[in-house]
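Undergrad: Here it is, the structure in full.
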Amino acid sequence: MNQKNKLLIVFCLCFSINTIWSQGLENTPFVLDMVHHNPGEEPYVSAYNNPEVIKEMGYNGKVYFLFESPALAIHWESVDKEILPKGSADREWVDKKAVQIKEMYKAAKAQGIGVYAMSDLVLFPKRLIEKYGMEDTFGNPNDPLTEKYIRAEIREIFDQFPEMDGLVVRIGETYLHDAPYHRGAIQNRQDADNTIIPLMKILREEICVQRDKQLIFRTWRSFDVNLNTYLKVNAAIEPHRNLTISIKHCEGDFHRGNPFSKVIGQGRHKQIIEVQCAREYEGKGAYPNYIANGVINGFEEHERMPEEMINSLAEFVEKRPDLYAGIWTWTRGGGWNGPYIKNEMWCDVNAWVMAQWANDTKQTEEHILNRYATERIHLKGDDVAKFRNLCLLSADAVVRGRNTTYRDMDTWWTRDQGISWPKTPQNEIAQMRNLKQKDESVAMWKKIVKLAKSIHWENEESRQHAIGSALYGLELYEIYRTLVYMSYAEATGNDKAVVKWIKAYDKAWANYKKLPSRYDSLATLYTQNFKRHIAQNAHEKVNELRKKYMR
């Protein structure tokens, strides 16, 4: 064989190996995690801030939160040095932010995992907006000046932070709590023709095509609930190997009872699915709340969906494997304020199971949860089955205690660390079901406490937290139950029952407030005076009834 033929064979082998390797990377699912810090507060102290921790759990990338995004840390010098002039307070803030997030990204790269950052768009420095008179137009991606500076912003982000693997874009809301020198806006966020499609085209060209980086575009509060809008966007945007659409597993916010997302499995773009592990409307990890089984196999409230509709991630992967791009968990965070947890036990089981399943969707959820019990928290024998029973019961207890399996209640009546006055369903059948399921929920929580006490935990710390957090769930859901019964009693004019349930309410709160003195690893408690995003504070309403019926 002559030298020329040898070189040709070597070239072909190298090309084939490189092609196979590239295809392998393209077919590897995203397994991403983010800690969603509370805007305007100190960042969470969490194990999941550490890239080494999440890599060991099975994640291959970390999404940095909005205020860890380079959109807040670029200096704009290639555009105009007067936008953030050296020596100014805003330039000093931006430079400090750049150093901070460079260190974060460096830690992720040292672990060999991908670096992604979430950013609200459109987001510009205040000086830029003022200098170019863009106060009324900078939220419109169709505006020529806005488009120009979006492109410049993308260029500066990847030039100044080349270690980034991609950008996660959110247009559903704009948070500026920790961005004192920037302004953000998006006009007509649900308008496919005038907002979503133009912006996606700009970003696709600048990020996916020009820089060969990843663009993950979120649908939330934009084109996540209207299938026609989603398909219109899908048709207008040409697929690209670096473009992925991000969708929450349920429509709207992460509420049990909300429909499974109708856009999952639709269209022609790859889809990554968002999963919240410390649910902001369900205690934020303060008590057992295992949602991984429901996300993977389908929640019980979705069993009544039409046969032809997808109602779980397992079914999504089975029916549309070509669209499955992976999962993106939020191990911590979402919402506002507390409860603030000290022990991440119940976030951890959701996150670990989701990450392991995302890497190999041929595994069953049951197999993975049993692995979690044996490999991660070192349970043995019958305790593995008890732990699974506890986890599954928690999901059933939560949906019945906060709502019903038929979504008979307003999903927003309790959130973060507060409780609103529950409205009585108008339908008598729904109301009777509502009361019955509140009773069922409390009964389930009692079983959860019993199971937590019966399991031989790895150490006393784990045992104490498992029992204490189960009691936290029991006492909180007893409070929920008393309020729902009290609301029904008032609505039906049953004065004696109102008095009865006020007394039960007071007793439930007294029991709940005693828990931290017995279990020091518990989360902070729900509070009676919390009003943020609360329609009608429940405790204030109870006091009104107390004055009326208990003089």
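Residue numbers start at 1 in each chain; chains themselves are named A, B, ... in the order of the structure tokens; ligands are numbered from 1 in the order shown.
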Would you pick out the contacts of region 271-284 of chain A at 9 Å or less, using only C-alpha atoms, so that residues sharing its chain but fewer than 6 positions from it are not included, and give the list as an NGL selection string?

TA: :A and (29-31 or 216 or 244-250 or 254-255 or 264-265 or 290-292 or 295 or 313 or 323-336 or 338-341 or 344 or 346-351 or 354 or 398 or 402 or 411-412 or 414-417 or 473 or 523 or 526)

Undergrad: Near Leu145 (chain A), within 9 Å and counting only C-alpha atoms, which residues show up once chain neighbours fewer than 6 positions away are dropped, as a PyMOL selection string?

TA: chain A and resi 132+134+137-138

Undergrad: Considering only C-alpha atoms, state which residue in the set A:Glu440, A:Asp410, A:Asp506, A:Glu103 is at the smallest distance from Phe161 (chain A).

TA: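 Among the listed residues, the smallest separation from Phe161 (chain A) belongs to A:Glu103.
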
Undergrad: So that I can check the surroundings of Ile171 (chain A), please list as a PyMOL selection string every protein, DNA and RNA residue that reaches within 12 Å of it, counting only C-alpha atoms and ignoring chain neighbours fewer than 5 positions away.

TA: chain A and resi 66+118-123+139-141+184-191+195-196+199-200+216-224+246

Undergrad: Let me see the file: selected residues, N, CA and C atoms, as a compact mmCIF listing (two decimals), in the first residue's frame.

TA:
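The file below, out06.txt, is the result:
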```txt
# COMPACT_ATOMS: atom_id res chain seq x y z
N LEU A 66 -30.77 34.19 36.78
CA LEU A 66 -30.86 35.48 36.09
C LEU A 66 -29.78 36.47 36.52
N MET A 118 -29.36 31.83 32.38
CA MET A 118 -30.68 32.32 32.00
C MET A 118 -30.67 33.85 32.01
N SER A 119 -31.30 34.42 31.00
CA SER A 119 -31.37 35.87 30.92
C SER A 119 -32.75 36.31 30.44
N ASP A 120 -33.27 37.35 31.09
CA ASP A 120 -34.47 38.00 30.57
C ASP A 120 -34.08 38.87 29.38
N LEU A 121 -34.90 38.83 28.37
CA LEU A 121 -34.70 39.72 27.22
C LEU A 121 -36.03 40.42 26.96
N VAL A 122 -35.92 41.70 26.66
CA VAL A 122 -34.76 42.49 26.32
C VAL A 122 -34.22 43.15 27.60
N LEU A 123 -32.89 43.19 27.78
CA LEU A 123 -32.26 43.72 28.97
C LEU A 123 -31.04 44.55 28.55
N GLY A 139 -38.19 47.40 24.28
CA GLY A 139 -38.82 46.09 24.49
C GLY A 139 -39.40 45.48 23.24
N ASN A 140 -39.18 46.13 22.10
CA ASN A 140 -39.74 45.66 20.82
C ASN A 140 -38.62 45.13 19.93
N PRO A 141 -38.53 43.81 19.75
CA PRO A 141 -37.44 43.25 18.94
C PRO A 141 -37.53 43.60 17.46
N GLY A 184 -35.30 46.28 31.85
CA GLY A 184 -35.75 45.17 31.02
C GLY A 184 -37.20 45.32 30.63
N ALA A 185 -37.54 44.83 29.46
CA ALA A 185 -38.92 44.87 29.00
C ALA A 185 -39.07 43.96 27.79
N ILE A 186 -40.29 43.48 27.61
CA ILE A 186 -40.63 42.78 26.37
C ILE A 186 -42.07 43.16 26.04
N GLN A 187 -42.29 43.62 24.85
CA GLN A 187 -43.63 44.02 24.44
C GLN A 187 -44.36 42.85 23.79
N ASN A 188 -45.62 42.67 24.16
CA ASN A 188 -46.48 41.68 23.51
C ASN A 188 -45.83 40.29 23.51
N ARG A 189 -45.56 39.79 24.70
CA ARG A 189 -44.80 38.55 24.83
C ARG A 189 -45.51 37.32 24.25
N GLN A 190 -46.83 37.42 24.03
CA GLN A 190 -47.57 36.29 23.47
C GLN A 190 -47.86 36.45 21.98
N ASP A 191 -47.29 37.48 21.39
CA ASP A 191 -47.52 37.78 19.97
C ASP A 191 -46.48 37.05 19.12
N THR A 195 -43.33 39.51 18.13
CA THR A 195 -42.36 39.41 19.23
C THR A 195 -41.59 38.10 19.19
N ILE A 196 -42.29 36.98 19.34
CA ILE A 196 -41.60 35.70 19.54
C ILE A 196 -40.76 35.32 18.31
N LEU A 199 -37.71 37.75 17.55
CA LEU A 199 -36.64 37.59 18.53
C LEU A 199 -35.93 36.26 18.36
N MET A 200 -36.69 35.19 18.15
CA MET A 200 -36.06 33.89 17.98
C MET A 200 -35.17 33.84 16.74
N ILE A 216 -31.46 27.99 24.28
CA ILE A 216 -32.61 27.34 24.89
C ILE A 216 -33.64 28.44 25.13
N PHE A 217 -34.75 28.37 24.40
CA PHE A 217 -35.75 29.43 24.43
C PHE A 217 -36.96 28.95 25.21
N ARG A 218 -37.27 29.67 26.31
CA ARG A 218 -38.37 29.26 27.17
C ARG A 218 -39.72 29.71 26.61
N THR A 219 -40.72 28.85 26.78
CA THR A 219 -42.07 29.15 26.30
C THR A 219 -42.94 29.79 27.37
N TRP A 220 -42.55 29.72 28.63
CA TRP A 220 -43.41 30.07 29.76
C TRP A 220 -43.98 31.48 29.64
N ARG A 221 -45.29 31.58 29.82
CA ARG A 221 -46.05 32.83 29.77
C ARG A 221 -45.96 33.52 28.41
N SER A 222 -45.58 32.77 27.41
CA SER A 222 -45.46 33.35 26.08
C SER A 222 -46.20 32.49 25.06
N PHE A 223 -45.68 31.28 24.81
CA PHE A 223 -46.37 30.39 23.87
C PHE A 223 -46.39 28.95 24.40
N ASP A 224 -46.74 28.85 25.70
CA ASP A 224 -46.74 27.54 26.36
C ASP A 224 -48.14 26.94 26.51
N SER A 246 -37.79 25.18 25.53
CA SER A 246 -37.93 24.76 26.93
C SER A 246 -39.38 24.92 27.38
```

Undergrad: To test your reading of the structure, identify every residue in region 269-391 of chain A that backbone DSSP assigns to strand (DSSP E), and report it as a PyMOL selection string.

TA: chain A and resi 270-276+324-333

Undergrad: Could you write out the selected residues, including C-alpha atoms, as a PDB file, in the first residue's frame?

TA:
```
ATOM      1  CA  LYS A 270     -36.253  19.637  20.196  1.00  0.00           C
ATOM      2  CA  GLN A 271     -37.818  20.134  23.620  1.00  0.00           C
ATOM      3  CA  ILE A 272     -36.279  20.238  27.075  1.00  0.00           C
ATOM      4  CA  ILE A 273     -38.707  19.830  29.973  1.00  0.00           C
ATOM      5  CA  GLU A 274     -38.611  22.007  33.104  1.00  0.00           C
ATOM      6  CA  VAL A 275     -39.214  20.358  36.496  1.00  0.00           C
ATOM      7  CA  GLN A 276     -39.351  22.101  39.880  1.00  0.00           C
ATOM      8  CA  TYR A 324     -36.762  14.695  23.468  1.00  0.00           C
ATOM      9  CA  ALA A 325     -33.781  16.907  24.346  1.00  0.00           C
ATOM     10  CA  GLY A 326     -33.585  16.240  28.094  1.00  0.00           C
ATOM     11  CA  ILE A 327     -34.713  17.764  31.357  1.00  0.00           C
ATOM     12  CA  TRP A 328     -33.923  20.921  33.287  1.00  0.00           C
ATOM     13  CA  THR A 329     -34.583  20.781  37.015  1.00  0.00           C
ATOM     14  CA  TRP A 330     -34.727  23.565  39.543  1.00  0.00           C
ATOM     15  CA  THR A 331     -33.350  21.798  42.613  1.00  0.00           C
ATOM     16  CA  ARG A 332     -34.174  24.839  44.714  1.00  0.00           C
ATOM     17  CA  GLY A 333     -36.271  27.919  44.342  1.00  0.00           C
TER      18      GLY A 333
END
```
